[in-house]
Every structure is written in C-alpha cells, then in structure tokens.
Amino acid sequence: MTNQGYEGKRCPPSKNAAGKKLLGKLDNCASLEVRSAAQRGSSDKVPASSGSHWTDVKLKNMSVAQKYGNKKLPNALIVGVKKGGTRAVLEFIRIHPDVRALGTEPHFFDRNYDRGLDWYRGLMPRTLDSQITLEKTPSYFVTREAPRRISSMSHETKLIVVVRNPVTRAISDYTQTLSKKPDIPTFEELAFKNKSLGLVDTSWNAIRIGMYILHLENWLQYFRLSQMHFVSGERLITDPAGEMGRVQDFLGLKRIITDKHFYFNRTKGFPCLKKPESSSQPRCLGKSKGRTHVQIDQEVIEQLQEFYRPFNIKFYETVGQDFKWD
C-alpha cells in the first residue's frame, strides 16, 4: 500500500524536509534550565481520596450550576496536542469545584465553525459566574484558522497546550491509527521520504504535529505568550500534582488538586485519580490510554530525534522552558 492510502494524514510537503529553511537561523538558540520533576512512588493499590470535602463541594457546585447556572462560551481551551496528554489534563482539572468542562471534543474552531457561536455555547455545561467553562479539542493547535477564530470569540481566552517528546508523540499517534487501520504502511515508510539520506516526510501529519514551534508562531500572531500555558506530558506522568498545580495557577484557581488526589497505576504506567469515599471505583483513563507502543528501530528514533532537535530548541527558547527531549 502506498503512503497515499493513509487518508487524511498529509499536507503539502515543505521545500526542505530537514526543516532548516522553515526555522531560519538557530545560532542564538540555547537550552534553558528548569527544575527536574520529582519522581513519585508507584502502586497498583487504590487508596481512597482524603479530599472528600472538595468532592462534596464539587458535587454541590455542579448541582447548583445545573439549576441556576448559565451556558457560557469557554474562558479556557485545551488546544493541543494530539497524543500529548490532553485527556488526562481535562479529567484531572474537572475535579476542581470551580471548573466545569465539556466531556466531548466539539471541534468548533476547526470543523464546525459555520454552525455559529450560539450553537457552540449551547454545547457547554451550565456554570455559575464564579466557575470556569472549559473545553478540549487537540486539533486546534495545528489548525491554521483556529487562533484567529478563537481570538474573534474573545481576546482574553486562556489556552492550555500539552506537549510531549515529538518522537514519542508520533509513535503514539501511529500506534493509535494502526489499531484502527492495521493495513497502513509501516511507521518508517510513512516517516521518511528517503531513510538512507535521512529525509523526513514533513507532510505526514504525525510528523508535522511535533514541529511545535511552527504552529506556535501562528498562535502568537493572535495571543500573548502569557495567555498560553504549556504542560509537560512527561511530567504529567511523573508529577501530576505539580503539573496540575501550575495549571490551576494559570487559570487563577485555588490549588485544590494536590498529591492526595493521585496514585500511580503500574499496570497502565499512568497516574489515576483516587476514588472518592462516595465511590467504589478509582478514575483511570480509558483502555486506549497507556496503550503499548509499536516497536520502532532505534536508528529510526535517533534520526527523528536529530530532525526535531532544532525545532525543539527554538520551541524551548520561545516558551522559556526546557522540556529535555534531547
């Protein structure tokens, strides 16, 4: 099967597959130092949450909002990236009593914009004036029209972007697609125009999504960098409380989601929410999350790491964080 059979995953190829012309000069790019995320202990046991008070507050606020609240356009959006950890951030932040979030992805600013803002508002949960309305659609980050459209809705919208090592992200993306379409070409066939020459195919969406700086430059034409918060997909696994603490700070919320809300599930290799005292079950992400990745040849991984390095450096420099992917 040819690469063209992998439907909906290509865009016009760049003139330079190595990406150097897209980036421009990188001589002044320097790696920045940030604190390493602390590793948390792991266990498959499911302890009850000690945050039952806040669970009660959340349930009360939901009940009051459903009765007295209004449907409002979102104050904040999780705009990306696909296979970065956006579902985890959404599920974790939803336990905050001052957040109400749409559970499904509405795809308003990429696929359904012609339906209008009234249609979009109608999808939102009812909220009180004191609550934040939130939605998640990861494809917004790579949709060229999305920043302009969101800015037209509100210049003050807060944007959350969950990013992850772009090589790991691409493999995860491919693994998900392969589970649905087992006859697609190999990862290596899709990722390279010419592997022996190291020519990466940037028209393949799984590769292009990870060129974060190119997408970010489009967003910065419409939003200040201070309106954007970048979550580390890696630290979300090793230190979920720390990452969610910073998300709460960015949204102007009291830090209610803390260590006491999480435990590490070794089977899934991912943190889960502890079960509230009122429930018999913990809250883990669905079975498709934490899926074992397809095994990729180490040489392929190293070639892609080398390809992404200049893009990563420029991204680190722009956002002021070193995500340590290199």
# chains A, B, ... in the order shown; residues from 1 in each chain; ligands from 1
call {"tool": "residues_around", "arguments": {"residues": "range 148-152 of chain A", "least_positions_apart": "2", "cutoff": "10 Å", "atoms": "only C-alpha atoms", "output": "short mmCIF file (atom, residue, chain, number, x, y, z; two decimals) with N, CA, C and O atoms, in the first residue's frame"}}
result
data_model
loop_
_atom_site.label_atom_id
_atom_site.label_comp_id
_atom_site.auth_asym_id
_atom_site.auth_seq_id
_atom_site.Cartn_x
_atom_site.Cartn_y
_atom_site.Cartn_z
N LEU A 77 -9.38 27.01 26.92
CA LEU A 77 -9.41 25.89 25.99
C LEU A 77 -8.13 25.07 26.11
O LEU A 77 -7.05 25.62 26.25
N PHE A 108 -15.25 22.85 17.26
CA PHE A 108 -15.95 24.01 16.72
C PHE A 108 -15.05 24.86 15.85
O PHE A 108 -15.44 25.27 14.74
N PHE A 109 -13.82 25.14 16.33
CA PHE A 109 -12.96 26.08 15.62
C PHE A 109 -12.21 25.47 14.45
O PHE A 109 -11.46 26.17 13.77
N ASP A 110 -12.41 24.16 14.21
CA ASP A 110 -11.80 23.58 13.02
C ASP A 110 -12.84 22.98 12.07
O ASP A 110 -12.81 23.24 10.87
N TYR A 113 -17.21 25.45 12.56
CA TYR A 113 -17.27 26.90 12.78
C TYR A 113 -18.47 27.53 12.10
O TYR A 113 -19.01 28.54 12.59
N TYR A 140 -7.03 21.80 17.44
CA TYR A 140 -6.98 23.26 17.28
C TYR A 140 -5.55 23.75 17.10
O TYR A 140 -5.28 24.67 16.33
N ARG A 144 -4.73 26.08 11.15
CA ARG A 144 -4.26 27.44 10.88
C ARG A 144 -5.31 28.50 11.21
O ARG A 144 -4.96 29.58 11.70
N GLU A 145 -6.58 28.21 10.99
CA GLU A 145 -7.62 29.22 11.23
C GLU A 145 -8.01 29.35 12.70
O GLU A 145 -8.66 30.33 13.08
N ALA A 146 -7.66 28.37 13.52
CA ALA A 146 -8.15 28.34 14.90
C ALA A 146 -7.74 29.55 15.74
O ALA A 146 -8.60 30.12 16.44
N SER A 154 -12.98 35.76 21.80
CA SER A 154 -12.50 36.53 22.95
C SER A 154 -10.99 36.66 22.91
O SER A 154 -10.28 35.66 22.81
N HIS A 155 -10.51 37.90 23.01
CA HIS A 155 -9.07 38.14 23.03
C HIS A 155 -8.44 37.62 24.32
O HIS A 155 -7.22 37.46 24.40
N GLU A 156 -9.26 37.41 25.35
CA GLU A 156 -8.73 37.06 26.67
C GLU A 156 -8.79 35.56 26.97
O GLU A 156 -8.53 35.14 28.10
N THR A 157 -9.13 34.75 26.01
CA THR A 157 -9.20 33.30 26.23
C THR A 157 -7.84 32.77 26.70
O THR A 157 -6.80 33.14 26.15
N LEU A 159 -5.27 29.61 27.04
CA LEU A 159 -5.00 28.46 26.20
C LEU A 159 -4.02 27.50 26.87
O LEU A 159 -2.96 27.93 27.34
N ASN A 218 2.10 30.73 14.67
CA ASN A 218 0.79 31.14 14.19
C ASN A 218 -0.08 31.66 15.34
O ASN A 218 -0.77 32.67 15.21
N TRP A 219 -0.04 30.97 16.49
CA TRP A 219 -0.82 31.40 17.65
C TRP A 219 -0.36 32.74 18.20
O TRP A 219 -1.18 33.56 18.65
N GLN A 221 0.57 35.24 16.71
CA GLN A 221 0.08 36.38 15.94
C GLN A 221 -1.23 36.92 16.52
O GLN A 221 -1.62 38.05 16.23
N TYR A 222 -1.90 36.11 17.35
CA TYR A 222 -3.21 36.50 17.87
C TYR A 222 -3.28 36.53 19.40
O TYR A 222 -4.19 37.16 19.95
N PHE A 223 -2.36 35.83 20.08
CA PHE A 223 -2.39 35.76 21.54
C PHE A 223 -1.02 36.05 22.12
O PHE A 223 0.01 35.73 21.51
#
call {"tool": "closest_atom_pairs", "arguments": {"of": "range 188-239 of chain A", "to": "range 261-271 of chain A", "cutoff": "9 Å", "atoms": "only C-alpha atoms", "output": "Markdown table"}}
result
| residue | atom | partner | partner_atom | distance |
| --- | --- | --- | --- | --- |
| A:Leu236 | CA | A:Pro271 | CA | 8.3 |
| A:Ile237 | CA | A:Phe270 | CA | 5.8 |
| A:Thr238 | CA | A:Pro271 | CA | 8.0 |
| A:Asp239 | CA | A:Pro271 | CA | 8.7 |
call {"tool": "residues_around", "arguments": {"residues": "Gly210 in chain A", "least_positions_apart": "6", "cutoff": "8 Å", "atoms": "only C-alpha atoms", "output": "list in words"}}
result
Asn165, Pro166, Val167, Arg169, Ala170 and Tyr308 of chain A
call {"tool": "write_last_selection", "arguments": {"atoms": "all heavy atoms", "output": "compact mmCIF listing (two decimals), in the first residue's frame"}}
result
# COMPACT_ATOMS: atom_id res chain seq x y z
N ASN A 165 7.52 14.77 24.05
CA ASN A 165 8.60 14.48 23.12
C ASN A 165 7.99 14.16 21.74
O ASN A 165 7.20 13.23 21.60
CB ASN A 165 9.40 13.27 23.62
CG ASN A 165 10.61 12.96 22.75
OD1 ASN A 165 10.54 13.01 21.52
ND2 ASN A 165 11.71 12.62 23.37
N PRO A 166 8.34 14.93 20.71
CA PRO A 166 7.65 14.76 19.42
C PRO A 166 7.88 13.39 18.77
O PRO A 166 7.02 12.93 18.00
CB PRO A 166 8.22 15.89 18.56
CG PRO A 166 9.48 16.30 19.24
CD PRO A 166 9.28 16.05 20.68
N VAL A 167 9.00 12.73 19.08
CA VAL A 167 9.23 11.39 18.53
C VAL A 167 8.28 10.40 19.20
O VAL A 167 7.60 9.61 18.52
CB VAL A 167 10.69 10.95 18.73
CG1 VAL A 167 10.89 9.54 18.16
CG2 VAL A 167 11.65 11.93 18.06
N ARG A 169 5.53 11.14 20.67
CA ARG A 169 4.17 11.52 20.27
C ARG A 169 3.81 10.94 18.91
O ARG A 169 2.70 10.43 18.72
CB ARG A 169 4.07 13.05 20.24
CG ARG A 169 2.63 13.60 20.24
CD ARG A 169 2.46 14.77 19.30
NE ARG A 169 2.63 14.33 17.92
CZ ARG A 169 1.67 13.72 17.20
NH1 ARG A 169 0.48 13.49 17.72
NH2 ARG A 169 1.92 13.35 15.96
N ALA A 170 4.75 11.00 17.96
CA ALA A 170 4.49 10.47 16.62
C ALA A 170 4.28 8.96 16.66
O ALA A 170 3.38 8.44 15.97
CB ALA A 170 5.67 10.81 15.70
N TYR A 308 14.16 16.62 14.81
CA TYR A 308 13.36 17.52 15.66
C TYR A 308 14.21 18.47 16.50
O TYR A 308 13.68 19.48 16.99
CB TYR A 308 12.47 16.70 16.60
CG TYR A 308 11.18 16.21 15.99
CD1 TYR A 308 10.89 14.84 15.92
CD2 TYR A 308 10.22 17.11 15.50
CE1 TYR A 308 9.69 14.38 15.37
CE2 TYR A 308 9.03 16.66 14.96
CZ TYR A 308 8.77 15.30 14.89
OH TYR A 308 7.58 14.86 14.35
call {"tool": "residues_around", "arguments": {"residues": "Leu251 in chain A", "least_positions_apart": "6", "cutoff": "9 Å", "atoms": "only C-alpha atoms", "output": "list of chain:residue names"}}
result
A:Ala76, A:Ile132, A:Lys158
call {"tool": "residues_around", "arguments": {"residues": "range 187-196 of chain A", "least_positions_apart": "3", "cutoff": "8 Å", "atoms": "only C-alpha atoms", "output": "PyMOL selection string"}}
result
chain A and resi 3+171+174+199-202+204+207+296+300
call {"tool": "write_last_selection", "arguments": {"atoms": "N, CA, C and O atoms", "output": "compact mmCIF listing (two decimals), in the first residue's frame"}}
result
# COMPACT_ATOMS: atom_id res chain seq x y z
N ASN A 3 1.80 5.35 0.66
CA ASN A 3 1.53 6.29 1.74
C ASN A 3 0.23 7.05 1.51
O ASN A 3 -0.41 7.51 2.45
N ILE A 171 5.06 8.26 17.47
CA ILE A 171 4.90 6.81 17.59
C ILE A 171 3.55 6.47 18.22
O ILE A 171 2.86 5.54 17.80
N TYR A 174 0.87 7.03 15.59
CA TYR A 174 0.86 5.92 14.64
C TYR A 174 0.24 4.66 15.27
O TYR A 174 -0.54 3.95 14.62
N LEU A 199 15.94 11.90 4.97
CA LEU A 199 14.94 12.90 4.57
C LEU A 199 13.59 12.56 5.19
O LEU A 199 12.92 11.60 4.79
N VAL A 200 13.20 13.33 6.17
CA VAL A 200 11.95 13.12 6.89
C VAL A 200 10.79 13.71 6.08
O VAL A 200 10.91 14.78 5.49
N ASP A 201 9.68 13.00 6.06
CA ASP A 201 8.50 13.46 5.32
C ASP A 201 7.63 14.32 6.22
O ASP A 201 6.79 13.82 6.97
N THR A 202 7.81 15.63 6.12
CA THR A 202 7.07 16.55 6.98
C THR A 202 5.62 16.74 6.53
O THR A 202 4.86 17.45 7.19
N TRP A 204 3.59 14.22 6.43
CA TRP A 204 2.83 13.27 7.24
C TRP A 204 2.43 13.97 8.54
O TRP A 204 3.27 14.48 9.25
N ILE A 207 4.21 13.45 11.88
CA ILE A 207 5.50 14.14 12.00
C ILE A 207 5.30 15.64 12.17
O ILE A 207 5.89 16.28 13.05
N ILE A 296 9.79 0.46 17.41
CA ILE A 296 10.43 1.15 16.29
C ILE A 296 11.95 0.99 16.41
O ILE A 296 12.51 1.08 17.50
N VAL A 300 15.89 4.58 13.59
CA VAL A 300 14.81 5.47 13.15
C VAL A 300 14.53 6.52 14.21
O VAL A 300 14.38 7.71 13.91
call {"tool": "select_by_dssp", "arguments": {"residues": "range 83-214 of chain A", "states": "strand (DSSP E)", "output": "list of chain:residue names"}}
result
A:Val99, A:Arg100, A:Ala101, A:Arg126, A:Thr127, A:Ile132, A:Thr133, A:Leu134, A:Glu135, A:Lys136, A:Lys158, A:Leu159, A:Ile160, A:Val161, A:Val162, A:Val163, A:Phe192, A:Lys193, A:Asn194, A:Leu199, A:Val200
call {"tool": "write_last_selection", "arguments": {"atoms": "N, CA, C and O atoms", "output": "compact mmCIF listing (two decimals), in the first residue's frame"}}
result
# COMPACT_ATOMS: atom_id res chain seq x y z
N VAL A 99 -14.44 24.47 38.20
CA VAL A 99 -14.29 24.20 36.77
C VAL A 99 -15.43 23.30 36.30
O VAL A 99 -15.76 22.31 36.93
N ARG A 100 -16.03 23.67 35.18
CA ARG A 100 -16.99 22.79 34.51
C ARG A 100 -16.55 22.66 33.07
O ARG A 100 -16.29 23.65 32.40
N ALA A 101 -16.43 21.41 32.62
CA ALA A 101 -15.85 21.16 31.30
C ALA A 101 -16.75 20.29 30.45
O ALA A 101 -17.46 19.42 30.96
N ARG A 126 -23.77 24.16 32.08
CA ARG A 126 -24.17 25.36 32.81
C ARG A 126 -23.16 25.66 33.90
O ARG A 126 -22.71 24.76 34.60
N THR A 127 -22.82 26.93 34.04
CA THR A 127 -21.85 27.33 35.06
C THR A 127 -22.34 28.55 35.82
O THR A 127 -23.12 29.36 35.30
N ILE A 132 -15.24 28.44 35.88
CA ILE A 132 -14.61 28.49 34.56
C ILE A 132 -15.26 27.44 33.65
O ILE A 132 -15.49 26.31 34.07
N THR A 133 -15.57 27.84 32.43
CA THR A 133 -16.05 26.91 31.42
C THR A 133 -14.87 26.51 30.54
O THR A 133 -14.12 27.38 30.06
N LEU A 134 -14.71 25.20 30.31
CA LEU A 134 -13.53 24.68 29.62
C LEU A 134 -13.94 23.65 28.57
O LEU A 134 -14.89 22.89 28.78
N GLU A 135 -13.23 23.62 27.47
CA GLU A 135 -13.40 22.53 26.51
C GLU A 135 -12.04 22.13 25.95
O GLU A 135 -11.07 22.88 26.01
N LYS A 136 -11.97 20.92 25.38
CA LYS A 136 -10.73 20.36 24.84
C LYS A 136 -10.94 19.87 23.42
O LYS A 136 -11.82 19.05 23.16
N LYS A 158 -7.88 31.89 27.70
CA LYS A 158 -6.65 31.24 28.16
C LYS A 158 -6.50 29.90 27.44
O LYS A 158 -7.47 29.17 27.27
N LEU A 159 -5.27 29.61 27.04
CA LEU A 159 -5.00 28.46 26.20
C LEU A 159 -4.02 27.50 26.87
O LEU A 159 -2.96 27.93 27.34
N ILE A 160 -4.38 26.24 26.94
CA ILE A 160 -3.52 25.21 27.53
C ILE A 160 -3.05 24.29 26.42
O ILE A 160 -3.86 23.80 25.62
N VAL A 161 -1.74 24.07 26.37
CA VAL A 161 -1.15 23.20 25.35
C VAL A 161 -0.33 22.13 26.07
O VAL A 161 0.60 22.45 26.81
N VAL A 162 -0.70 20.88 25.88
CA VAL A 162 0.03 19.76 26.48
C VAL A 162 0.99 19.23 25.41
O VAL A 162 0.55 18.79 24.35
N VAL A 163 2.28 19.29 25.70
CA VAL A 163 3.28 18.87 24.72
C VAL A 163 4.08 17.69 25.26
O VAL A 163 4.18 17.48 26.47
N PHE A 192 9.61 8.73 6.47
CA PHE A 192 10.75 9.17 5.65
C PHE A 192 10.42 9.20 4.16
O PHE A 192 9.76 8.32 3.64
N LYS A 193 10.93 10.24 3.50
CA LYS A 193 10.94 10.26 2.04
C LYS A 193 12.07 9.37 1.54
O LYS A 193 11.92 8.66 0.56
N ASN A 194 13.20 9.49 2.24
CA ASN A 194 14.38 8.68 1.91
C ASN A 194 15.14 8.44 3.20
O ASN A 194 15.86 9.33 3.67
N LEU A 199 15.94 11.90 4.97
CA LEU A 199 14.94 12.90 4.57
C LEU A 199 13.59 12.56 5.19
O LEU A 199 12.92 11.60 4.79
N VAL A 200 13.20 13.33 6.17
CA VAL A 200 11.95 13.12 6.89
C VAL A 200 10.79 13.71 6.08
O VAL A 200 10.91 14.78 5.49
call {"tool": "closest_residue", "arguments": {"among": "A:Ser139, A:Thr186, A:Gln298, A:Ser232", "to": "Val247 in chain A", "atoms": "only C-alpha atoms"}}
result
A:Ser232
call {"tool": "closest_residue", "arguments": {"among": "A:Arg255, A:Lys72, A:Lys260, A:Lys82", "to": "Met153 in chain A", "atoms": "only C-alpha atoms"}}
result
A:Lys72
call {"tool": "decode", "arguments": {"residues": "range 154-171 of chain A", "atoms": "N, CA, C and O atoms", "output": "compact mmCIF listing (two decimals), in the first residue's frame"}}
result
# COMPACT_ATOMS: atom_id res chain seq x y z
N SER A 154 -12.98 35.76 21.80
CA SER A 154 -12.50 36.53 22.95
C SER A 154 -10.99 36.66 22.91
O SER A 154 -10.28 35.66 22.81
N HIS A 155 -10.51 37.90 23.01
CA HIS A 155 -9.07 38.14 23.03
C HIS A 155 -8.44 37.62 24.32
O HIS A 155 -7.22 37.46 24.40
N GLU A 156 -9.26 37.41 25.35
CA GLU A 156 -8.73 37.06 26.67
C GLU A 156 -8.79 35.56 26.97
O GLU A 156 -8.53 35.14 28.10
N THR A 157 -9.13 34.75 26.01
CA THR A 157 -9.20 33.30 26.23
C THR A 157 -7.84 32.77 26.70
O THR A 157 -6.80 33.14 26.15
N LYS A 158 -7.88 31.89 27.70
CA LYS A 158 -6.65 31.24 28.16
C LYS A 158 -6.50 29.90 27.44
O LYS A 158 -7.47 29.17 27.27
N LEU A 159 -5.27 29.61 27.04
CA LEU A 159 -5.00 28.46 26.20
C LEU A 159 -4.02 27.50 26.87
O LEU A 159 -2.96 27.93 27.34
N ILE A 160 -4.38 26.24 26.94
CA ILE A 160 -3.52 25.21 27.53
C ILE A 160 -3.05 24.29 26.42
O ILE A 160 -3.86 23.80 25.62
N VAL A 161 -1.74 24.07 26.37
CA VAL A 161 -1.15 23.20 25.35
C VAL A 161 -0.33 22.13 26.07
O VAL A 161 0.60 22.45 26.81
N VAL A 162 -0.70 20.88 25.88
CA VAL A 162 0.03 19.76 26.48
C VAL A 162 0.99 19.23 25.41
O VAL A 162 0.55 18.79 24.35
N VAL A 163 2.28 19.29 25.70
CA VAL A 163 3.28 18.87 24.72
C VAL A 163 4.08 17.69 25.26
O VAL A 163 4.18 17.48 26.47
N ARG A 164 4.67 16.95 24.34
CA ARG A 164 5.35 15.71 24.66
C ARG A 164 6.51 15.54 23.67
O ARG A 164 6.46 16.10 22.57
N ASN A 165 7.52 14.77 24.05
CA ASN A 165 8.60 14.48 23.12
C ASN A 165 7.99 14.16 21.74
O ASN A 165 7.20 13.23 21.60
N PRO A 166 8.34 14.93 20.71
CA PRO A 166 7.65 14.76 19.42
C PRO A 166 7.88 13.39 18.77
O PRO A 166 7.02 12.93 18.00
N VAL A 167 9.00 12.73 19.08
CA VAL A 167 9.23 11.39 18.53
C VAL A 167 8.28 10.40 19.20
O VAL A 167 7.60 9.61 18.52
N THR A 168 8.20 10.44 20.52
CA THR A 168 7.28 9.57 21.26
C THR A 168 5.84 9.85 20.85
O THR A 168 5.03 8.94 20.70
N ARG A 169 5.53 11.14 20.67
CA ARG A 169 4.17 11.52 20.27
C ARG A 169 3.81 10.94 18.91
O ARG A 169 2.70 10.43 18.72
N ALA A 170 4.75 11.00 17.96
CA ALA A 170 4.49 10.47 16.62
C ALA A 170 4.28 8.96 16.66
O ALA A 170 3.38 8.44 15.97
N ILE A 171 5.06 8.26 17.47
CA ILE A 171 4.90 6.81 17.59
C ILE A 171 3.55 6.47 18.22
O ILE A 171 2.86 5.54 17.80
